[in-house]
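What follows is a set of notes on a single structure, which appears directly below.
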Amino acid sequence: MPETALGDYTAPPFGRRPLQVVGSAASGAYRLVEVFDPSGVVPMAGQFYMLSAESEWPGSSGRPYLPRAFSVASVDVGADGVTLGFLVHAVGPGTQRIEEVGGGRAGSLLAVGPLGRGFAAPHEVAAGAKGAILIGGGIGVAPLALLRRNLIRLGVPSRVLLGYRDADNAGGLDLFDCSEIKLATDDGHAGHRGRVTDLLERLLAGDDRGSAVVYSCGPPAMLEAVRVMCEEAGVACQLALESPMGCGYGACFGCAVPLREGGYMRLCLDGPVVDGSTIARADAGAEVQ
Amino acid sequence: MPETALGDYTAPPFGRRPLQVVGSAASGAYRLVEVFDPSGVVPMAGQFYMLSAESEWPGSSGRPYLPRAFSVASVDVGADGVTLGFLVHAVGPGTQRIEEVGGGRAGSLLAVGPLGRGFAAPHEVAAGAKGAILIGGGIGVAPLALLRRNLIRLGVPSRVLLGYRDADNAGGLDLFDCSEIKLATDDGHAGHRGRVTDLLERLLAGDDRGSAVVYSCGPPAMLEAVRVMCEEAGVACQLALESPMGCGYGACFGCAVPLREGGYMRLCLDGPVVDGSTIARADAGAEVQ
Amino acid sequence: MIEARDLRVDLCGIELAHPVLNGSGTFDAIAAHDVFGDILLERFPFSAFVSKTITPEPRPGNPPPRLWEETDGVINSIGLPNKGLGGFLEKDLPRLAALPVPLIVSVMATSAEEFAGLVQAISERSEVAAIELNVSCPNVKSGLVVGESPDECASLVSALRVLTEKPLIVKLTPGADPVPVAMAAETSGADAFSLVNTLKASPLSPAGDGHWLGAVSGGLSGPTIKDLALAQVSAVADAVGLPVIGMGGVSSGADARSFLEAGASAVAVGTENFRDPEAGSRIARELEDLG
Amino acid sequence: MIEARDLRVDLCGIELAHPVLNGSGTFDAIAAHDVFGDILLERFPFSAFVSKTITPEPRPGNPPPRLWEETDGVINSIGLPNKGLGGFLEKDLPRLAALPVPLIVSVMATSAEEFAGLVQAISERSEVAAIELNVSCPNVKSGLVVGESPDECASLVSALRVLTEKPLIVKLTPGADPVPVAMAAETSGADAFSLVNTLKASPLSPAGDGHWLGAVSGGLSGPTIKDLALAQVSAVADAVGLPVIGMGGVSSGADARSFLEAGASAVAVGTENFRDPEAGSRIARELEDLG
Ligand SMILES: Cc1cc2nc3c(=O)[nH]c(=O)nc-3n(C[C@H](O)[C@H](O)[C@H](O)COP(=O)(O)OP(=O)(O)OC[C@H]3O[C@@H](n4cnc5c(N)ncnc54)[C@H](O)[C@@H]3O)c2cc1C
Ligand SMILES: Cc1cc2nc3c(=O)[nH]c(=O)nc-3n(C[C@H](O)[C@H](O)[C@H](O)COP(=O)(O)OP(=O)(O)OC[C@H]3O[C@@H](n4cnc5c(N)ncnc54)[C@H](O)[C@@H]3O)c2cc1C
Ligand SMILES: Cc1cc2nc3c(=O)[nH]c(=O)nc-3n(C[C@H](O)[C@H](O)[C@H](O)COP(=O)(O)O)c2cc1C
Ligand SMILES: Cc1cc2nc3c(=O)[nH]c(=O)nc-3n(C[C@H](O)[C@H](O)[C@H](O)COP(=O)(O)O)c2cc1C
Ligand code: FES
Ligand code: FES
């Protein structure tokens, strides 16, 4: 795995380890679950962990059976280890169970990670690029929150566009500590009424076009719209894709995403962050949410 | 099904119905879970219900999948229906889940019943028998509690012998409202230190022998000892057996208990209360606990 | 019984009020009548009743324990307890004939001659609407698993075909690819197929002291085999031109619909009956609500 | 690697430190090395490594979705993505040869000639300790399911036997009675058996809009098939005189012990690897603790 200006690749500890839950708080309609990782491995923005609960996994419905993938949304490096924040949108048995462990019950999550390929700095993606446009939809804001912080630390200017369907599906805004966020919501409950890609369209029509790289995470249809817009505008983009992951470390071949050149990649190894130019479509993998 | 002086056979409502939990209290190491049954069907002592929980059945371990059999331990007939009490000893996933529903969480149990054959009055079991000796072990005290009440109501004199392994496995004493109980415990924490069958042996050596019928419920080894003692003493006995029940109403053929004459009975139809003389051994069925 | 006009099914000329039957051996209508009374007849859960499999001679069944509970399923080693042909005709048939739905009698034997005896005797009884051939029961140590061999199955069906005009339903076993077996049976004159029967499995005692079941091995059923059953039902329905009764883990209207979509003409409910005596009518109702 | 003296196993002359292998296609040692680094080699979870099945030509695998989650298991329609024989020998073999444990290469082809090509090429490589013949993969639409037919399997094994001195492990399919197939393969010169492979199953989309998997059908694995696998492993171990590698839902030392008690010489861990990358060593350790 290549090093990037946004962080070095550090191999995750081998195996599955229990990480103690040290915090849990609602973040809009999502929940930020924080765990403490004494291994001290610092993940890159865009990397993910495979998480499961120590007990009651499977839950009452018989599922979940496999662990679930979660992007790391915040990192706090301390002397004894790192505190990792995961933003959880409870959409099914796995995410519900993870949210429950966070939500009050003391306990641990079983974790494998950090895994996968994270975001690269703008100049690594496109020669001459100096700024970043972050565009997130729904729970896809999670990896962008960490990316944003890392960019600020590196002094890379970035603009943030976030879109939500409605208030019941919005959260994570508190992870972005600056007021420079532009919002779009389908129901108009906050910000622009409409698609977040409308906002991107305007930006790409403006000055930033030549010098920025677009970073995006969100629902497949949004990512595909972003990919096409960027392709048409000649702007490089990095997309954090989703695909149902069985293992997260290349063992199951379940996370296949079609490549533009034909064949498939394993998203857990060659993603979740991919260059827009490598894939045929951003909505061709199996939808996870 | 024959009517008996201890109650008439009333067909249970067809199908599985939710019964609201109206009470739950610890009873020693067991729990008495009370539900309200608006159908008003009054069960006979010795009959049982197939119970499952409305939600989280299966529980976190993937089991229970099938409903579980519970003897009715108390009955309170009201104007709108009957309140049924079940004494629960949490030994595995099914009993634990039933106990939980009772233990605080408002909710309902899904029930089929009353099912099976209950106890008959002494004179119906043996001509001339006027009294009863009730001998119970562990959670087997449950059906005897109701039998005792019914006998009192009918004016049939009865003696009660109850045995427990130790305090962690004792309960249900509060269901016997008279002080005439003789206790035996393996660890000697209460009553006679030793087997409850020691107490039976003494009784059978005494005067009651000719005029009493023995009623028993408890672990297979105890029931088998009771059966042999009664056979040797020439005293009729009715034993409430256990066998792993899949359905409780004759559908699965899972509850087979060997007959003395060869072949098997379905305990849910021809039991759980059987005459000691009909079975080869009382510990030949599969142990449930 | 459910009066849902658009749920009606014609199964080999037998008119069914809805597509939900019981799986053989998973509902004893006589016992249930004794337990629940006449309301069972008024609200009979199935659109046809399939008897427990009967054999030429009486059988006591296997030694207990006979049930093992799985996550979402059951392994049974019941072992086909039944009164034998004579006892069935004399004691059970009159009572089953009183049910408000058509009767399908399931039979099993260990040779073609014995099978012929069963089919001939049952064929004479006008109370019986159809005969199901159990060629797959994994619980009984028969030397011959007819349902795993296209040739064996074809010759059995040919031999029985000439003995009866009643529809012959062949119950296929999931222990082998059912498609060639079904195709051979179709050519030999079968009228319909039912599948899946249980899958052979051997649970061990959690105490680590050997096998759990008295008969060592049993058959796996319940929701845990549903997706496996769907694969087999759809393969058979695609391969043959005859009606298929799909089963394996059906416990809701949605499950029933899945089997119908996979190509089944009707479905059967087995293990779910143990959890809910009225499962059949509930599932038919849910199916109706699904539209 | 675990140094547990009394757990050592001899498998067809291959010395294994403990009886826990991986199931083919359920652990990619090269990818895991890239992800976790050299610690993977220091703490390698299996006592031998079984490669993903390779085919003569490269295969991209099936369209997504490829995984369906069951209660206690998974249905996969991965479809044997692999680099083909040439790519395997050139790119993968050197890296697999660097693993600290013996290497078993799994191969599959759609004709005896192609199988022969694979076996011959791999047989020349001293890095390879044994060859596993995948005659049962339910994901690939081969015309021929060799593993379901004793005759087919016997003639394949006979044809390959003369081409190699390396142990030939035949991986049996659970879709048919494995005993006659195993007996035929034993006579034809097989050295060992592994079973079970996955069971064919077709999950439907919960949205009610057809099949879930991109390839329609897939193979069921995980704890949900354990008791079924135990039945088959014990039947094969009883019937043949060769070592058996048992698998199907092994996720704890107690499960591993069950398979060993059923007659297996070693066990393989498949789906549990997805939940826990170190499952193999954990299970070996638990097995040791069970004594
Ligand atoms: C790299 C990556 C990073 C992610 N990061 C985050 C994050 O930071 N926060 C977050 O909340 N989520 C994140 N996700 C998504 C999250 O992993 C999924 O939402 C989660 O797997 C859903 O699991 P579940 O059990 O809650 O729901 P599921 O039951 O798995 O439902 C999710 C979808 O799966 C389908 N489904 C239904 N039944 C089945 C079945 N039996 N088998 C398979 N699929 C079925 C349905 O279409 C359903 O909509 C990420 C995913 C990836 C791949
Ligand atoms: C007629 C009758 C009346 C009863 N009355 C009462 C009552 O009033 N109160 C009461 O508390 N109990 C009563 N019981 C007993 C109660 O039904 C059982 O204790 C209960 O079924 C146990 O279920 P469980 O899930 O808690 O435990 P289980 O997990 O079922 O464990 C019970 C035993 O089953 C075995 N077992 C373990 N795993 C499995 C498996 N996978 N499949 C099958 N068996 C397994 C083990 O030997 C274990 O010790 C009665 C039983 C009968 C038949
Ligand atoms: C306890 C039990 C007994 C069964 N007995 C028979 C039988 O006698 N004859 C038969 O053909 N199938 C028998 N079966 C198989 C069922 O009819 C059905 O094919 C199978 O259980 C799959 O359906 P299910 O998953 O809905 O239970 C039996 C199944 C169970 C669980
Ligand atoms: C995702 C996945 C991929 C598999 N790929 C292969 C394969 O390439 N070759 C093979 O012989 N078996 C393959 N199998 C089968 C396993 O090796 C094993 O036989 C089966 O999964 C049963 O074991 P388990 O229940 O422990 O997973 C695969 C199984 C899974 C779940
Ligand atoms: S998630 Fe298993 S290979 Fe990618
Ligand atoms: S418990 Fe099902 S027949 Fe008795």
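Every chain in the structure tokens has a letter given in the order shown (A, B, ...), and although residue numbers restart at 1 in each chain, ligands are simply numbered from 1 in the order shown.
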**OP:** Compute the set of chain A residues within 7 Å of chain D, using only C-alpha atoms, and express it as a ChimeraX atom specification.
**Re:** /A:11-16,62-63,65-67,246-247,249-254,256,263-264,285-286
**OP:** Using only C-alpha atoms and all ligand atoms, find each protein or nucleic acid residue lying at most 8 Å from ligand 1; present the set as JSON, numbers by chain.
**Re:** {"A": [30, 46, 47, 48, 49, 63, 64, 67, 68, 69, 70, 71, 72, 73, 86, 87, 88, 89, 90, 91, 92, 93, 94, 95, 96, 97, 116, 139, 140, 142, 143, 240, 241, 242, 243, 244, 245, 255, 267, 268, 271, 272, 287, 288, 289], "D": [67, 68, 69, 70, 205, 206, 207]}
**OP:** Check every residue of chain C for an atom within 7 Å of chain D, counting only C-alpha atoms, and provide those that qualify as a ChimeraX atom specification.
**Re:** /C:175-177,200-203,217,224,227-228,230-231
**OP:** Could you give me the residues within range 32-155 of chain B that DSSP places in alpha helix (DSSP H), as an MDAnalysis selection string?
**Re:** chainID B and resid 93:102 122:125 141:154
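With atom 17 (O, counted along the ligand's line) of ligand 2 on one side and CA of Arg260 in chain B on the other, the separation reads 24.2 Å.
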Original post:
Neighbours of Arg153 in chain B within 12 Å (only C-alpha atoms; same-chain residues fewer than 4 positions away dropped), as a list of chain:residue names?
Top reply: B:Ala5, B:Leu6, B:Gly7, B:Ala121, B:Leu146, B:Leu147, B:Arg148, B:Arg149, B:Pro157, B:Ser158
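Nearest residue to chain B, choosing from A:Val42, A:Trp57, A:Arg31, A:Leu51 and counting only C-alpha atoms: A:Trp57.
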If DSSP is run on the backbone, what residues of range 109-221 of chain A are strand (DSSP E)? A reply as a short mmCIF file (atom, residue, chain, number, x, y, z; two decimals) with N, CA, C and O atoms, in the first residue's frame would be ideal.
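What landed in out-v4.cif:
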data_model
loop_
_atom_site.label_atom_id
_atom_site.label_comp_id
_atom_site.auth_asym_id
_atom_site.auth_seq_id
_atom_site.Cartn_x
_atom_site.Cartn_y
_atom_site.Cartn_z
N LEU A 109 -16.46 -3.66 21.25
CA LEU A 109 -16.71 -4.11 19.89
C LEU A 109 -15.52 -4.95 19.47
O LEU A 109 -14.38 -4.67 19.84
N LEU A 110 -15.79 -6.00 18.71
CA LEU A 110 -14.71 -6.76 18.12
C LEU A 110 -14.34 -6.09 16.81
O LEU A 110 -15.22 -5.80 16.00
N ALA A 111 -13.04 -5.85 16.62
CA ALA A 111 -12.64 -5.07 15.45
C ALA A 111 -11.49 -5.72 14.71
O ALA A 111 -10.60 -6.33 15.31
N VAL A 112 -11.53 -5.61 13.40
CA VAL A 112 -10.39 -5.91 12.55
C VAL A 112 -10.14 -4.62 11.75
O VAL A 112 -11.06 -4.09 11.15
N GLY A 113 -8.90 -4.13 11.79
CA GLY A 113 -8.63 -2.93 11.03
C GLY A 113 -7.57 -2.07 11.68
O GLY A 113 -7.04 -2.44 12.71
N PRO A 114 -7.22 -0.94 11.07
CA PRO A 114 -7.83 -0.33 9.88
C PRO A 114 -7.52 -1.11 8.61
O PRO A 114 -6.47 -1.70 8.48
N LEU A 115 -8.49 -1.07 7.69
CA LEU A 115 -8.40 -1.85 6.46
C LEU A 115 -8.62 -0.95 5.25
O LEU A 115 -9.25 0.11 5.34
N GLY A 131 -6.42 22.19 -3.98
CA GLY A 131 -7.56 22.25 -3.07
C GLY A 131 -8.42 21.01 -3.19
O GLY A 131 -8.19 20.15 -4.05
N ALA A 132 -9.39 20.93 -2.30
CA ALA A 132 -10.24 19.75 -2.27
C ALA A 132 -11.70 20.15 -2.17
O ALA A 132 -12.04 21.12 -1.50
N ILE A 133 -12.55 19.43 -2.87
CA ILE A 133 -13.99 19.59 -2.69
C ILE A 133 -14.51 18.29 -2.12
O ILE A 133 -14.34 17.23 -2.73
N LEU A 134 -15.11 18.35 -0.95
CA LEU A 134 -15.64 17.16 -0.30
C LEU A 134 -17.14 17.16 -0.49
O LEU A 134 -17.81 18.12 -0.11
N ILE A 135 -17.66 16.09 -1.05
CA ILE A 135 -19.10 16.04 -1.24
C ILE A 135 -19.63 14.71 -0.69
O ILE A 135 -19.25 13.64 -1.15
N GLY A 136 -20.48 14.83 0.32
CA GLY A 136 -20.96 13.63 1.01
C GLY A 136 -22.47 13.57 1.04
O GLY A 136 -23.15 14.59 1.03
N GLY A 137 -22.97 12.35 1.07
CA GLY A 137 -24.41 12.17 1.17
C GLY A 137 -24.74 11.18 2.27
O GLY A 137 -24.11 10.12 2.38
N SER A 158 -10.24 23.32 1.62
CA SER A 158 -11.28 22.41 1.16
C SER A 158 -12.65 23.04 1.35
O SER A 158 -12.87 23.86 2.24
N ARG A 159 -13.56 22.67 0.48
CA ARG A 159 -14.95 23.06 0.61
C ARG A 159 -15.75 21.80 0.87
O ARG A 159 -15.43 20.74 0.34
N VAL A 160 -16.80 21.94 1.65
CA VAL A 160 -17.57 20.75 2.03
C VAL A 160 -19.03 20.92 1.63
O VAL A 160 -19.67 21.89 2.01
N LEU A 161 -19.51 20.00 0.85
CA LEU A 161 -20.92 19.98 0.45
C LEU A 161 -21.53 18.69 1.00
O LEU A 161 -21.04 17.60 0.73
N LEU A 162 -22.59 18.83 1.80
CA LEU A 162 -23.22 17.64 2.37
C LEU A 162 -24.70 17.61 2.02
O LEU A 162 -25.37 18.64 2.08
N GLY A 163 -25.17 16.43 1.68
CA GLY A 163 -26.58 16.31 1.32
C GLY A 163 -27.27 15.23 2.12
O GLY A 163 -26.68 14.21 2.48
N TYR A 164 -28.55 15.50 2.45
CA TYR A 164 -29.34 14.51 3.19
C TYR A 164 -30.72 14.43 2.58
O TYR A 164 -31.24 15.41 2.04
N ILE A 181 -19.60 24.77 5.70
CA ILE A 181 -20.29 23.66 5.05
C ILE A 181 -21.50 24.16 4.27
O ILE A 181 -22.25 24.98 4.76
N LYS A 182 -21.67 23.66 3.07
CA LYS A 182 -22.89 23.94 2.33
C LYS A 182 -23.78 22.71 2.39
O LYS A 182 -23.34 21.60 2.10
N LEU A 183 -25.03 22.93 2.75
CA LEU A 183 -25.96 21.81 2.94
C LEU A 183 -27.00 21.77 1.83
O LEU A 183 -27.42 22.80 1.32
N ALA A 184 -27.42 20.57 1.51
CA ALA A 184 -28.57 20.39 0.62
C ALA A 184 -29.42 19.28 1.20
O ALA A 184 -28.90 18.30 1.70
N THR A 185 -30.75 19.47 1.17
CA THR A 185 -31.63 18.39 1.65
C THR A 185 -32.77 18.22 0.67
O THR A 185 -33.29 19.20 0.12
N HIS A 192 -29.94 24.18 0.92
CA HIS A 192 -30.54 24.13 -0.42
C HIS A 192 -31.56 22.99 -0.51
O HIS A 192 -31.30 21.90 -0.07
N ARG A 193 -32.75 23.28 -1.04
CA ARG A 193 -33.71 22.19 -1.28
C ARG A 193 -33.36 21.54 -2.61
O ARG A 193 -33.51 22.15 -3.67
N ALA A 212 -8.75 21.74 -8.12
CA ALA A 212 -9.27 20.95 -7.01
C ALA A 212 -9.46 19.48 -7.40
O ALA A 212 -9.63 19.14 -8.57
N VAL A 213 -9.41 18.65 -6.38
CA VAL A 213 -9.78 17.24 -6.54
C VAL A 213 -11.08 17.04 -5.76
O VAL A 213 -11.24 17.62 -4.68
N VAL A 214 -11.98 16.26 -6.32
CA VAL A 214 -13.25 16.00 -5.65
C VAL A 214 -13.16 14.69 -4.86
O VAL A 214 -12.67 13.68 -5.38
N TYR A 215 -13.60 14.74 -3.62
CA TYR A 215 -13.63 13.56 -2.75
C TYR A 215 -15.08 13.30 -2.37
O TYR A 215 -15.75 14.21 -1.88
N SER A 216 -15.53 12.08 -2.57
CA SER A 216 -16.95 11.89 -2.33
C SER A 216 -17.25 10.54 -1.69
O SER A 216 -16.55 9.55 -1.91
N CYS A 217 -18.29 10.53 -0.87
CA CYS A 217 -18.80 9.29 -0.30
C CYS A 217 -20.29 9.48 -0.08
O CYS A 217 -20.72 10.54 0.37
#
Subject >> All residues 10 Å or closer to Leu96 in chain D, only C-alpha atoms, same chain fewer than 2 positions away omitted, as a ChimeraX atom specification >> reply: /D:28-30,49-51,88,91-94,98-105,127-128
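Pairwise distance (CA of Val119 in chain C, atom 26 (O, counted along the ligand's line) of ligand 3) equals 25.4 Å.
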**OP:** Identify which of the residues A:Glu56, A:Asn169, A:Asp8, A:Ser24 lies closest to chain B, counting only C-alpha atoms when measuring atom-to-atom distances.
**Re:** A:Glu56
Original post:
If you measure from CA of Asp191 in chain C to CA of Leu172 in chain C, what distance in Å do you get, rounded to one decimal?
Top reply: 13.0 Å
